[in-house]
Every structure is written in structure tokens, then in C-alpha cells.
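Have a look at the structure below before the remarks.
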Amino acid sequence: MKTPFRKILIANRGEIAVRIIRACRELGITSVAVFSEADREALHVLMADEAYLLGPPPAAESYLAIEKIIRTAKASGAEAVHPGYGFLAENAAFAEACIQAGLVFIGPPPAAMRALGDKTAARRAALAKNVPMVPGTTEPVGSEDEAARAAREIGYPVMLKAAMGGGGKGLRLVRSEGELASALRMARSEAGSAFGDSSVYVEKYLEEPRHIEIQVLADSQGTTIHLGERECSIQRRHQKLVEECPSPMVDDAMRKRMGEAACRLVAAVGYVNAGTVEFLVDRQKNFFFLEMNTRLQVEHPVTELVTGRDLVKEQIRIAGGETLGYGQADVTWTGWAIECRIYAEDPYRNFMPSPGTIIGLRTPAGPWVRDDSGVYEGAAVPIFYDSLISKLIVWGPDRAAAIARMARALAEYKVVGVRTTIPLLQHIMAHPDFVAGRVSTHFLDGMLRAERPEAEGRHRTVALIAAALAGYERAGRTTLPLTSSRPSAWKSSARPGWSRPR
Amino acid sequence: MKTPFRKILIANRGEIAVRIIRACRELGITSVAVFSEADREALHVLMADEAYLLGPPPAAESYLAIEKIIRTAKASGAEAVHPGYGFLAENAAFAEACIQAGLVFIGPPPAAMRALGDKTAARRAALAKNVPMVPGTTEPVGSEDEAARAAREIGYPVMLKAAMGGGGKGLRLVRSEGELASALRMARSEAGSAFGDSSVYVEKYLEEPRHIEIQVLADSQGTTIHLGERECSIQRRHQKLVEECPSPMVDDAMRKRMGEAACRLVAAVGYVNAGTVEFLVDRQKNFFFLEMNTRLQVEHPVTELVTGRDLVKEQIRIAGGETLGYGQADVTWTGWAIECRIYAEDPYRNFMPSPGTIIGLRTPAGPWVRDDSGVYEGAAVPIFYDSLISKLIVWGPDRAAAIARMARALAEYKVVGVRTTIPLLQHIMAHPDFVAGRVSTHFLDGMLRAERPEAEGRHRTVALIAAALAGYERAGRTTLPLTSSRPSAWKSSARPGWSRPR
Amino acid sequence: MRFAATLDDRTQMVEVTEANGRFRVTIGEEVSEVDARLPAQGIYSLLIGGISYVADVKEEDGWFLVDVNGESYRIRVEEETRHIIRTRGGVEAGHGGQVLTAPMPGKIVGVEVTVGQAVKPGDGLLIMEAMKMENEFRATTAGTVREIRVQVGQAVNPGDVLIVIE
Amino acid sequence: MRFAATLDDRTQMVEVTEANGRFRVTIGEEVSEVDARLPAQGIYSLLIGGISYVADVKEEDGWFLVDVNGESYRIRVEEETRHIIRTRGGVEAGHGGQVLTAPMPGKIVGVEVTVGQAVKPGDGLLIMEAMKMENEFRATTAGTVREIRVQVGQAVNPGDVLIVIE
């Protein structure tokens, strides 16, 4: 593969920055990381070829600081900027600022971003191209009264949605008029702090729908194709937790219809680069346009493992002006991939974020297991950013094999120091409805309601034994042979003055 | 997938035991590990569902102790035994002992093992089925005089080979009669201690051949297919270091011819389960039968990633009496896979083994990277066994992408505490001949001769800076801010009495 | 050596004895022979009757957090004599109220109650922003709001008392 | 603070000064401004002029083994004064012979020379079995075998002197 750029700045952090650095390295492209003061020792800083400080920890002063990022890109000699997802990835003003500074923005043209990234504009575009849609307002609502009128017209339950949003932020479900005022306030406040725009619109809320999305790729020569669907119905707080490709619900005919609708929509606005068209699907396999994400998706790896296409490399190639070099007929889907998102959150305390230091980490490996992580043993999970620490992705020849492999990999995953979603993900993999492919966006709430949050108690005695031995050690019984004949791994390399001061 | 067995004992250690444990877990089969006194804290013991001590560290008293292993298997309630590779994997007496004890041996029938595992018998079988062969003795040589006569007849250079051998042990190249006596003694001694049989035979030595092997699968209902070739020419001391699938030399027609020859050979002796037929290939694409490995191969993962077939699961299914369920026409090859073997050896000191404790370990991850490891941070590499600590395998859509990905992954791999082959593997991935696919079994020797063993010195200044800072720290300048504001990861969890005594 | 081990509000006596490099752990009537190793810090490898367990043990606020096969337990282990002395002094303060403390650093973005207000379980008390998400804290008991120690816009640290309900 | 750093038989003076949480490291004429962190034990993250380096540093027998981007360096760092005192006492014993020591635990399976025998570089001296492979050790200089301290079948430990050539 030839190299479209010599140097790329990655305007992001965490696992996605690491993912992009890896693609750059494989393409022979120099990678430039940026970081906030909280991230000096973050994995993306350690892994990049170059790294520059942006500013203080709050995103507004670092990862959202457009001017600083562009100044750093120019000073480093970068030719292009990859925004990852989140932060500035769907900010058309940032894309424009890159272009004005002579940098290639690795993403769609600003006009296409505006046409599809703004959710109300996207709904108008979908309407124009006969893409089926969920009833709702096509413009942001102004006053609380206006919102209440719209909601009454559509009929409760309704969703309040940030016009510039994504990633589950600025979203609120409202089941009755009494809940509307406070939900509107919270959605606006979240939208404002996450996206710098507090516009909110109203949409009909479908009961028990599936969330299924289509990955599209478009090059600058006008070729637009899709790479099939992802099933993303397992969500908590409207944020995805488990994704798979293909979807257990989608057959070839449905994939073709959904894919064509997605391509129609993005082609209409001159879309270039990777993008995702999200649909809600009801039990009768009717699909409704939900929104467009004009960027790389968190869950892109499941599509990669099933199609064999490296989406980040495709993004870079397309941004460099290359043609895709293949068409819709060349895209094939082999086997089944599942992704589990490992968040530093306590799933049994209402997904409370669990920042801190990862003092112990064992990652799963072996056949067809992929760990896209943004941390390492000793790394901090700062309080300032999203709590996604890693994505675990597996491939198998069929769905059952993929689920069994994911269960195996999750059992190997150990994170000490912060709480994670791993125990919950293990329960999902073992849940009869999930195993049978009977999922909807309500799956997780239902499962959590039905489940006892405590440990099942199978290993109660073993836990007591381990704790008693730890107590025995702590009591200073140093004659105990809880040690092998070889010297302690860490201790033997720790000398006075070598380790950090406490 | 249904489960052919409830419980399997794995008569092995290291990465391959871990690989088999993972397959068992995904199939819902209880895994039973066995271990020597040197391996109480080895990864396979930690990962298995059950683990039983066999005896003292020397393999003869533990991993080669047939009676102890069978007694343990019966006592644990295991229904089958997986031998991995090495140790007892090609020992027909062990297979028979398993069967007599009522255990299923996950491998070929003892008769087929004898017919093909003994290298001289295998040569007779190959002769009978018109599989082309390198000239040599079909029987082990007795006296030194007999060896000398045979070598003269064949013509120097010749190879001395252990009749029961594999894995590069008990092999010696002899270029002239003067070298014969000492080479014969060493080959016999190594063969005796590695395989319990010091028989050695003589074979013509081809100049600059490639080592290409065919993976076969045969079920107990008589279906025999092949999964294509592996290119294994990058060897040191006749032990493989880098393998790929497919081979840059092999086209569809050649793959078909080699595959058919391999199937012909194994079908003739009633072979069942997975096996590998090794060939030497000259520059004119003539292939010569070299030997048969009647077991799982170290490098099986490259075939897995390109065919999508899980060879360990196939072995277990076949041993359970299941049919393959697919035929030769269903086997497809997609993209390119490369494996690098990470040995605890110093490649620049004549591959001197480097046992010790792994005090620091960072493993590569991310897209299409598979790490099949037998160690963890803090694990010991004992002096008693093979020094293979991990296999790194990558997949890419084509060879160039796979090489770039392997180079990226190797750069991420850090092992502190023991020397490894990683730096050498990095040089191989960057070598113009390797990149061009111009390899033979002499590639590595030639490359090592041409190369300066020292560091290239690109990062001399950076290394001096790091050392100076380490010296500054050691000098007790504890005011230095070589630490972030967060507490030291390891130190914060280390309490008096908690850590091991020194 | 004898310990008092507390798990799920239940305290049991546990005895650990050591012989020939192995351990005998007695919990109530149940005796386990344990081959225990510590292959890395905080990671216990236990072979009990041939079964291989790996337990991650982390100490937090005087409790051991023990993870075994995806199950998590929070266990307090005290030397038996110490436990007897401590518990003879009276049971731990257990009353009907709720003291809401901050579980992590964050910013208060909303207070939904006033001092003197009666609340019932599930009532919203306060909204805190942390890690870019708003988290609502609810009452776990019925009672009256006695104190509100924070105000909107204030940054809080873990352990800070936010609201007291009696 | 000034150090003497020895790499590849060459010793250079290196000065480390510290200001505002950063380091200035001077090697000969070359001055580097370094933003250094220690994200994990023995792993240095260095930002030098925007370039991000990760150096693994391990101490072994008084030397630092430093790995940077796949290159390995063995560097001795001494405080300058100590280095001056040590080297003033005379250069390290450097003579023409070879003292063969065991680099790892193993078993001697063959001795190929006898005391008094003349050897030249490349001559086989001894065969040791370690990790199931036989490894032959060869003479690195010409000389005469003065001592053979081991015999066939003997187990040896790292550092044990095996053969002395003068």
C-alpha cells in the first residue's frame, strides 16, 4: 500500500487514538499525538511517534481547543488530521478550520457533515431521499411549551435528542408530560457541555426496537458502498455496550434494502469517507432512519473482522484522494464478530463511573481475540473524559462460536483498581435471550431488573479462603511459602530510589 | 457446536497447553492441566479448570512420565488426552497406553503414528504412494562406519536426523566426512534425551531449499482433506522462527499437487486427525517429502487465520468421532497470515537460551494481531524445557500488509528480564529478501552473517539520556518529578507483609 | 491463626494453619487443604482438591475485595482477638438515616431537595456530573433532609458528605 | 549532577539538571530538554523535542540495560567523582586470556580440551546442555588451557568458572 500522507495528527485520546496510531504505523505514516495535562502518561502518548501538550485537563481547554490543535498540527508538520470519534469528530467548524490551515481533515467534507451530522437537517435529507423515518420534529424545539406541543402531537413516549449529539449524550426518554421539563433541562445541559450546542429535538419513541446501523464508505471519485450492518441493541443509558456483525435479524434481502437506503442518503449530500447510518428496526423488520454519524464508529472493529477491511486505513486512503478500488460486489461477510465495551463503570451501581488507577491488568488473547485498549497496567483513568478503557472483539465462524469465544475472553480479562462492565458483559453472554438473538434496546434494562446484583455465591468459600490467606500474610507470617523459589518479580527489580516516592 | 467430551487432560505445558485450554473453554469442556514442580505457577496451571502435580522438573519425571499422566487422567475423570506438540505427542506407546486405559487419545491411531511418525517408515510409505523424496537411507544407520558408507553413497553434504525426531532436535548437517563422527554422537545424544530413542538416519542435503508443509485433516469416516501450505523456510538451527500461510512461492496448481500428495500419503495408512506433511522445495518448484508430523504443529495458527478453521477444535471433534462436515471444495484461503516465534534466547549470542523471570511484559494487540503466549508478567522461564514463550500471529489482506502489521506488533512487544528473538524478528521483517519473498532455509544464516549484532546506534543519545535519568533516580534525588500526580501503581497496593519476602 | 471473616453482614471464624508448604483453612465445619501461591502481586493461585482457582485480592478501606471467576466479594478479615475486643465495645452505628457521600470527584449540577423536606426511597436528591455524564442520586430510606452541605456548581471529592437524611 | 556514562568502551561525562519538572541532559556538547515520566517500573517515557520515546531500563550487575525502539544498549552510569576515584586506581584487569564462565544453569555433557593444550580462536572447548539443547563453547583467543574446573555430567550455575585459558 502506498502512503497517502507522511505525517498525521490524531486529535483524540484513549483507545481510538491508539487504534489510529497503529494504522499509521502499519502504513509507514508518522503519528502525532496531542494530550492534556491529565494524559501525559496515557497510552496514546507513549505509543505515538510524536506527542505535544495541548493544555489543562478539561476538554474545552485541550481536546476541544480547535485553535491549539491546528497550531500543533502545523508546527509538527502534519499533513492531515484524524479526529477519531467524539470530541471534534463531528464538528464541521473544526473540519473547515483544518482545511483553511492547509490540513486534510480525515472525514467527510464540512458541507456533508452539516447536512447529515445535524440531526434535524439529516431528517430532512432522509425525507427527500425516501428513507423511512420515525415521526418527530425536523427542527430543534425552542421553548418548553414548544417541546410540549410537539410531544403531544407525536404522542408519548418521546425522546429528546441533542441536534449535534452522538454517543448517547444529551438524550432523554420522556414517558409523560410531567417528566418533560426536567428532562429538557438535563438534555440541553448535557448537549451544551458535550457538543458546545444545546439544541434539542423531539422524536417518537419506539417500544422494543432494535438498533441496527449500516457502515458506508465513499471515495472522492463518487463510489459509495456499504459494508453491511451492525447490531447495536444492547445499550445502557442509550449508550452501546455490545455490538455484533452481522445482526441476527438481518438476512441478505434486508441487508441489501438497508444498505441501499444508506448509500442513497449519503450519496445525495456528496458524502466522502466512512460514515454510519443508524436505524431503528421494529419487530416486523421495518427500519426507520434514526441518525447519521459522520465519522468512524466506536464499534467499527466488528465490521472489520467480518469483511476483512481495515476501516481506519480506508479512511486515510480516501482522505488522500485514492479510489476505493473495489465495488459493492466485492464486499463479502465471513463468520461472526462481537464487540464488548469495557467501561470503567460499576454496572451494579447504575453505571457509576469508576475512575482511578489500573493497578493490575491481564488482557485476554489467543485465537481470534482482539483487544483494542487505551490503557496499560499502571495507567490512570482520569475523571475528565469518557470511561471507555477498552474494546474486546472476537470473531468466530458462527454466532454461537463467537459468543463462546467472547465468554472465554471475558473470563480471562482482569482489571484491578477500577470497577468495569466485565461482570455484566459476562452475564449478557450467558443470557438465554442474548444467546437466542432475541434482543432489543430494552434488553439490558430488563436483564438488570431481573438480576440480583450480588455475586451468585458459587465461589464464596474460595473467596473466604483467599481473604483468610491475605489476612495471614498481612499479619506478617513471613515464613509462609506463598512464594515460589524464584525471587519476586517486581520486588527484585525494585531498588531504593528507583521506585517512585509515595 | 456440541461437546464431544466433558473433560480433557492436556499432557503439555507452555503456550500450547494454554491454546488447548482456550479451545476447551470455548467448547464447554473442563480442562485438566498437569505440571512439574518447576511449573506450579505456570500460566497453564493458572488457566486450567483443574491442575495436578506430576513430579520433579526433569521432563522424564513429569511431562514424559506416561504412567503418571495416565493415572492422573483416570483419577481426574478425564475422557480424553490432548498431547499438544513435543513431549509425548508423537509417542505411539503413549497413545496406546491412553487407549488401553480407556482414554481417547486426541491424535492419530497408534498404527498410523508408527507408519508415518518414524521417519524411515514414513519414507517407505511415501515411496509406495509415489510421493517424491530426497535421496537417503530408509533405515536408521547402525555403526559410524555404516553412516559413513551411506553418506558417501548419497554424497555430501548430508543431514543426520533422529528417526523419532521433530522440532529441530537431533538434527546435524555434515558437510564432509571429517565432521561425521562428532555430529553423529551429538545427534544421537540429543535424540536420546529428547525422544527416548537415539536412532538416526542419513539424508541428502539440498542447497537453498524452501521448507513448505501441508496441513491435513482426516476424520474417522474416511474424509481426508488438506488446508493448504505453510512456508516455514526461516529457520535457525533447523528450528522454525517465522512461518506464513500461504507461501509466496506456491500458486493454486502447486498447492493442489502438494495437497493431493499429502492426502494420498496419509490416507494410505489410515490416518485420522490433524497432521502435517513437510516438503523441501527446490528453486524449480520441485517438492520432496521430508517427514510427517503426526500431531498439531507449532505454527498451526497461520493456517487457522487464513482458512477460518480452528484446528484444535477440529482435532477434538474428530477424536470425538464427529465427521468433518465439509470437503476439500469448502476450504478457502483469504488473505495472508504470518507467525513469529518469540523464544527466550539471545539471537546475537548464537541463540543461547535465556531462562529467568519475566519482570516486565507488554504484549501487542489491536487489529488482526494474535498473541498465543505461555507466560505472564512475573512468570518464570524454567531451564528444563523448550524456550518458546509466545507466538505472535498477524493477518492482513495481502503479504505486504501482513508484514507491515507484524513489524508494528513486534515494535509493541516488550519483554524485560530475559533476552528474546524479538529484535532479530524485527530485522527479518525489514529485510529486503524477506519482503520480496526470496527465502530459503539458509536465509537466516546468511542474514546473521551479514549483520552487525550490535545496536545500530540510531537511539544512542536517547539511551544515554534514559540511563542518566535512571542514575539520577538511583542517586536518591527523590525530589525529581519522574512521577505523575497519581500514586504509583504498584507501590500503592504494596503493603508490608503483602509482598513476598525477598 | 484464627480470624474473624465478615462477608454479607455475616461473621465467621476462619482458621489458617500451615504445614509442608500447604495450608489448611477451616471455615466453620468445612476444612480445605490449599496449595497456595502468589504468582504476581494480589493474584492468588489456589489449588483446592485439584481445582485451579485464581483469586484477585485487593485491599480497600480495610476490606479485601476478592474476585474469583467473575464473582466479586467484599470481605473483612480481622484477627479473632481484635474482632472480639472491637465488637464487645458495641455494634457498629446502625441507624435508619442516609448519609450521601460523593463516590468520585465531580461537580454538583443540581440539588433536588431542601432542608426539612420529607423524602421516601427513590426520591431524587442531587445530580452530580462526573466523567461527562450526569448522575442522579436518590434516597435509599424514608426520612427528613437534615443537612445539605453542597451547592450547585461546587466541585466535590470522593468521601465528601453531600446530604444527610435522618 | 554529573555522571560518567560508559557505552561501548567509551566513557562520556553526562550532566543532569532539573527545573520546572523537566530535565536538561548534557552529553558532551549536546544539550537535550527532556520531559520524563515513569509510567511503570523501569519504563521511561521521554518527550524530547516532541518526539515520544519509551525506554525500558533494567539494572543488571551494575549496568543499565536500555531498550529503545528495539535497540539495546548496555550503559554504566557512575557519579563522576566515583568514576574518577575508581579509574585513577588503575585500569580494569585486561589481559589476553579467556575465562569461560557458565552463562546459565546447565549440565556439562562434553569437554573437548585438556589442561596444557594450545587452542586458537574458534576451537571447541566444552559442550553444555541447557534447555534441552546442546551448546558448544569455543575459544575466543589463542592461548593455553590452564584450568578445567568441571567434568562431564556436572551441573553448573551461572557465573561458575568452567575453563581458564592464558
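Residue numbering restarts at 1 in every chain; chains get A, B, ... in the order shown in the C-alpha cells, and ligands count up from 1 in that same order.
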
Give me, as a Markdown table, each residue of chain D that comes within 10 Å of chain A, together with its shortest interatomic pair and the distance in Å at one decimal, counting only C-alpha atoms, with rows ordered by chain and rising residue number.
```
| residue | atom | partner | partner_atom | distance |
| --- | --- | --- | --- | --- |
| D:Asp35 | CA | A:Arg40 | CA | 9.5 |
| D:Ala36 | CA | A:Arg40 | CA | 9.7 |
| D:Arg37 | CA | A:Glu41 | CA | 7.1 |
| D:Leu38 | CA | A:Arg500 | CA | 8.0 |
| D:Pro39 | CA | A:Glu41 | CA | 5.9 |
| D:Ala40 | CA | A:Gly378 | CA | 6.0 |
| D:Gln41 | CA | A:Ser499 | CA | 6.7 |
| D:Gly42 | CA | A:Trp498 | CA | 8.2 |
| D:Tyr44 | CA | A:Leu46 | CA | 9.4 |
| D:Ser45 | CA | A:Leu46 | CA | 6.4 |
| D:Leu46 | CA | A:Leu46 | CA | 8.6 |
| D:Leu47 | CA | A:Ala51 | CA | 7.3 |
| D:Ile48 | CA | A:Glu50 | CA | 9.0 |
| D:Gly49 | CA | A:Glu50 | CA | 8.6 |
| D:Gly50 | CA | A:Glu50 | CA | 5.3 |
| D:Ile51 | CA | A:Glu50 | CA | 4.2 |
| D:Ser52 | CA | A:Glu50 | CA | 4.8 |
| D:Tyr53 | CA | A:Leu46 | CA | 7.1 |
| D:Val54 | CA | A:Leu46 | CA | 6.4 |
| D:Lys58 | CA | A:Ser493 | CA | 7.5 |
| D:Glu59 | CA | A:Ser493 | CA | 7.6 |
| D:Glu60 | CA | A:Ser493 | CA | 9.3 |
```

Q: Identify, on the basis of only C-alpha atoms, every residue whose closest approach to Leu180 (chain A) does not exceed 9 Å; exclude the query and any residue fewer than 6 positions from it along the same chain; express the result as a list of chain:residue names.
A: A:Glu144, A:Ala147, A:Ala148, A:Ala151, A:Leu160, A:Leu173, A:Val174

Q: Extract, using only C-alpha atoms, all DNA, RNA and protein residues at most 7 Å from region 300-317 of chain B, discarding same-chain residues fewer than 4 positions from it, and format them as an MDAnalysis selection string.
A: (chainID A and resid 397) or (chainID B and resid 4 20 23 106 244:245 273:274 296 321:322 331:339 393 395)

Q. Do you know which residues are at most 7 Å from Ile127 (chain D) counting only C-alpha atoms, after dropping those on the same chain fewer than 3 positions away, and could you put them as number ranges by chain?
A. D: 108-111, 134-137

Q: Please provide as number ranges by chain all residues within 10 Å of Leu162 (chain D), with the sequence filter that same-chain residues fewer than 3 positions apart are discarded (counting only C-alpha atoms).
A: D: 99-102, 108, 111, 125-126, 147-151, 156, 159

Q: Fewer than 6 positions away in the same chain doesn't count, so skip those; otherwise give me all residues within 6 Å of region 72-80 of chain C, counting only C-alpha atoms, as number ranges by chain.
A: A: 455; C: 2-7, 63-66

So that I have them on file, write out the residues from the current selection with N, CA, C and O atoms, as an mmCIF file, in the first residue's frame.
```
data_model
loop_
_atom_site.group_PDB
_atom_site.id
_atom_site.type_symbol
_atom_site.label_atom_id
_atom_site.label_comp_id
_atom_site.auth_asym_id
_atom_site.auth_seq_id
_atom_site.Cartn_x
_atom_site.Cartn_y
_atom_site.Cartn_z
ATOM 1 N N ALA A 455 -22.990 -11.100 43.941
ATOM 2 C CA ALA A 455 -22.344 -12.292 43.407
ATOM 3 C C ALA A 455 -23.267 -13.483 43.642
ATOM 4 O O ALA A 455 -24.038 -13.515 44.590
ATOM 5 N N ARG C 2 -6.213 -17.666 63.983
ATOM 6 C CA ARG C 2 -7.663 -17.588 63.836
ATOM 7 C C ARG C 2 -8.099 -16.174 63.463
ATOM 8 O O ARG C 2 -7.604 -15.196 64.011
ATOM 9 N N PHE C 3 -9.017 -16.114 62.508
ATOM 10 C CA PHE C 3 -9.513 -14.823 62.043
ATOM 11 C C PHE C 3 -11.037 -14.792 62.149
ATOM 12 O O PHE C 3 -11.693 -15.840 62.153
ATOM 13 N N ALA C 4 -11.550 -13.555 62.192
ATOM 14 C CA ALA C 4 -12.985 -13.358 62.004
ATOM 15 C C ALA C 4 -13.161 -12.780 60.607
ATOM 16 O O ALA C 4 -12.582 -11.752 60.287
ATOM 17 N N ALA C 5 -13.919 -13.482 59.758
ATOM 18 C CA ALA C 5 -14.122 -13.034 58.385
ATOM 19 C C ALA C 5 -15.570 -12.610 58.208
ATOM 20 O O ALA C 5 -16.484 -13.381 58.498
ATOM 21 N N THR C 6 -15.749 -11.378 57.766
ATOM 22 C CA THR C 6 -17.105 -10.845 57.615
ATOM 23 C C THR C 6 -17.431 -10.689 56.137
ATOM 24 O O THR C 6 -16.686 -10.060 55.390
ATOM 25 N N LEU C 7 -18.552 -11.322 55.727
ATOM 26 C CA LEU C 7 -18.997 -11.274 54.335
ATOM 27 C C LEU C 7 -20.512 -11.186 54.355
ATOM 28 O O LEU C 7 -21.170 -11.996 55.025
ATOM 29 N N TRP C 63 -10.970 -3.550 53.885
ATOM 30 C CA TRP C 63 -11.670 -4.749 53.409
ATOM 31 C C TRP C 63 -10.862 -5.360 52.272
ATOM 32 O O TRP C 63 -10.183 -4.646 51.537
ATOM 33 N N PHE C 64 -10.982 -6.658 52.124
ATOM 34 C CA PHE C 64 -10.418 -7.299 50.948
ATOM 35 C C PHE C 64 -11.508 -7.398 49.877
ATOM 36 O O PHE C 64 -12.603 -7.900 50.156
ATOM 37 N N LEU C 65 -11.197 -6.914 48.698
ATOM 38 C CA LEU C 65 -12.082 -7.139 47.555
ATOM 39 C C LEU C 65 -11.520 -8.355 46.829
ATOM 40 O O LEU C 65 -10.387 -8.339 46.357
ATOM 41 N N VAL C 66 -12.299 -9.421 46.780
ATOM 42 C CA VAL C 66 -11.821 -10.674 46.218
ATOM 43 C C VAL C 66 -12.629 -10.998 44.965
ATOM 44 O O VAL C 66 -13.856 -11.037 45.015
#
```

Q | Residues near Glu166 (chain D), cut-off 9 Å, only C-alpha atoms, skip fewer than 4 positions along chain, as a list in words | A |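 Selected residues are His95, Gly96, Gly97, Gln98, Val99, Thr141, Ala142, Gly143, Thr144, Val145 and Arg146 of chain D.
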
Those same residues, written as an mmCIF file, in the first residue's frame with C-alpha atoms?
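After the write, selection-v7.cif holds the following:
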```cif
data_model
loop_
_atom_site.group_PDB
_atom_site.id
_atom_site.type_symbol
_atom_site.label_atom_id
_atom_site.label_comp_id
_atom_site.auth_asym_id
_atom_site.auth_seq_id
_atom_site.Cartn_x
_atom_site.Cartn_y
_atom_site.Cartn_z
ATOM 1 C CA HIS D 95 44.773 -9.428 29.669
ATOM 2 C CA GLY D 96 44.971 -11.754 26.763
ATOM 3 C CA GLY D 97 43.340 -14.842 28.232
ATOM 4 C CA GLN D 98 39.771 -16.158 28.394
ATOM 5 C CA VAL D 99 37.873 -17.172 31.479
ATOM 6 C CA THR D 141 41.563 -16.082 21.932
ATOM 7 C CA ALA D 142 44.688 -18.088 21.236
ATOM 8 C CA GLY D 143 46.394 -19.496 24.333
ATOM 9 C CA THR D 144 46.947 -22.484 26.538
ATOM 10 C CA VAL D 145 44.326 -24.232 28.651
ATOM 11 C CA ARG D 146 45.420 -23.614 32.247
#
```

Q: Per DSSP on the backbone, filter region 20-107 of chain D down to the residues in strand (DSSP E or B) and report them as a PyMOL selection string.
A: chain D and resi 22-27+30-40+43-48+51-60+63-68+71-79+98-101+106-107

Q: Tell me, in Å to one decimal, how far CA of Val131 (chain A) is from CA of Asp219 (chain A).
A: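 Pair CA of Val131 (chain A) / CA of Asp219 (chain A) returns 21.9 Å.
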
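Going from CA of Gly325 (chain A) over to CA of Leu217 (chain A), you cover 11.7 Å.
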
Just asking: which residues within region 3-166 of chain D are helix (DSSP H, G or I) according to DSSP, as a short mmCIF file (atom, residue, chain, number, x, y, z; two decimals) with N, CA, C and O atoms, in the first residue's frame?
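Output file selection.cif is given in full below:
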```cif
data_model
loop_
_atom_site.label_atom_id
_atom_site.label_comp_id
_atom_site.auth_asym_id
_atom_site.auth_seq_id
_atom_site.Cartn_x
_atom_site.Cartn_y
_atom_site.Cartn_z
N GLU D 80 30.30 11.12 38.83
CA GLU D 80 31.58 11.49 38.24
C GLU D 80 32.74 11.29 39.22
O GLU D 80 33.77 10.71 38.87
N THR D 81 32.56 11.75 40.46
CA THR D 81 33.67 11.65 41.42
C THR D 81 34.06 10.20 41.66
O THR D 81 35.23 9.85 41.72
N ARG D 82 33.04 9.35 41.77
CA ARG D 82 33.32 7.94 42.00
C ARG D 82 34.08 7.33 40.82
O ARG D 82 34.99 6.54 40.99
N HIS D 83 33.69 7.71 39.66
CA HIS D 83 34.34 7.20 38.46
C HIS D 83 35.82 7.61 38.45
O HIS D 83 36.70 6.81 38.15
N ILE D 84 36.09 8.88 38.82
CA ILE D 84 37.47 9.37 38.81
C ILE D 84 38.31 8.58 39.81
O ILE D 84 39.40 8.13 39.50
N ILE D 85 37.75 8.40 41.03
CA ILE D 85 38.50 7.66 42.05
C ILE D 85 38.77 6.23 41.56
O ILE D 85 39.88 5.72 41.66
N ARG D 86 37.77 5.60 40.99
CA ARG D 86 37.92 4.21 40.59
C ARG D 86 38.97 4.06 39.47
O ARG D 86 39.84 3.21 39.52
N THR D 87 38.87 4.92 38.46
CA THR D 87 39.76 4.75 37.31
C THR D 87 41.18 5.20 37.63
O THR D 87 42.13 4.72 37.03
N ARG D 88 41.35 6.12 38.60
CA ARG D 88 42.69 6.52 38.99
C ARG D 88 43.43 5.31 39.58
O ARG D 88 44.65 5.22 39.51
#
```

**Q.** Nearest candidate to Leu184 (chain A) (options A:Leu88, A:Val202, A:Met429, A:Ile16; using only C-alpha atoms)
**A.**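 Once distances to Leu184 (chain A) are computed over only C-alpha atoms, the minimum belongs to A:Val202.
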
Q: Point out the residue among C:Ala155, C:Ala19, C:Val14, C:Val34 with the least atom-to-atom distance to Ala468 (chain A), counting only C-alpha atoms.
A: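 Among C:Ala155, C:Ala19, C:Val14, C:Val34, it is C:Val14 that comes nearest to Ala468 (chain A).
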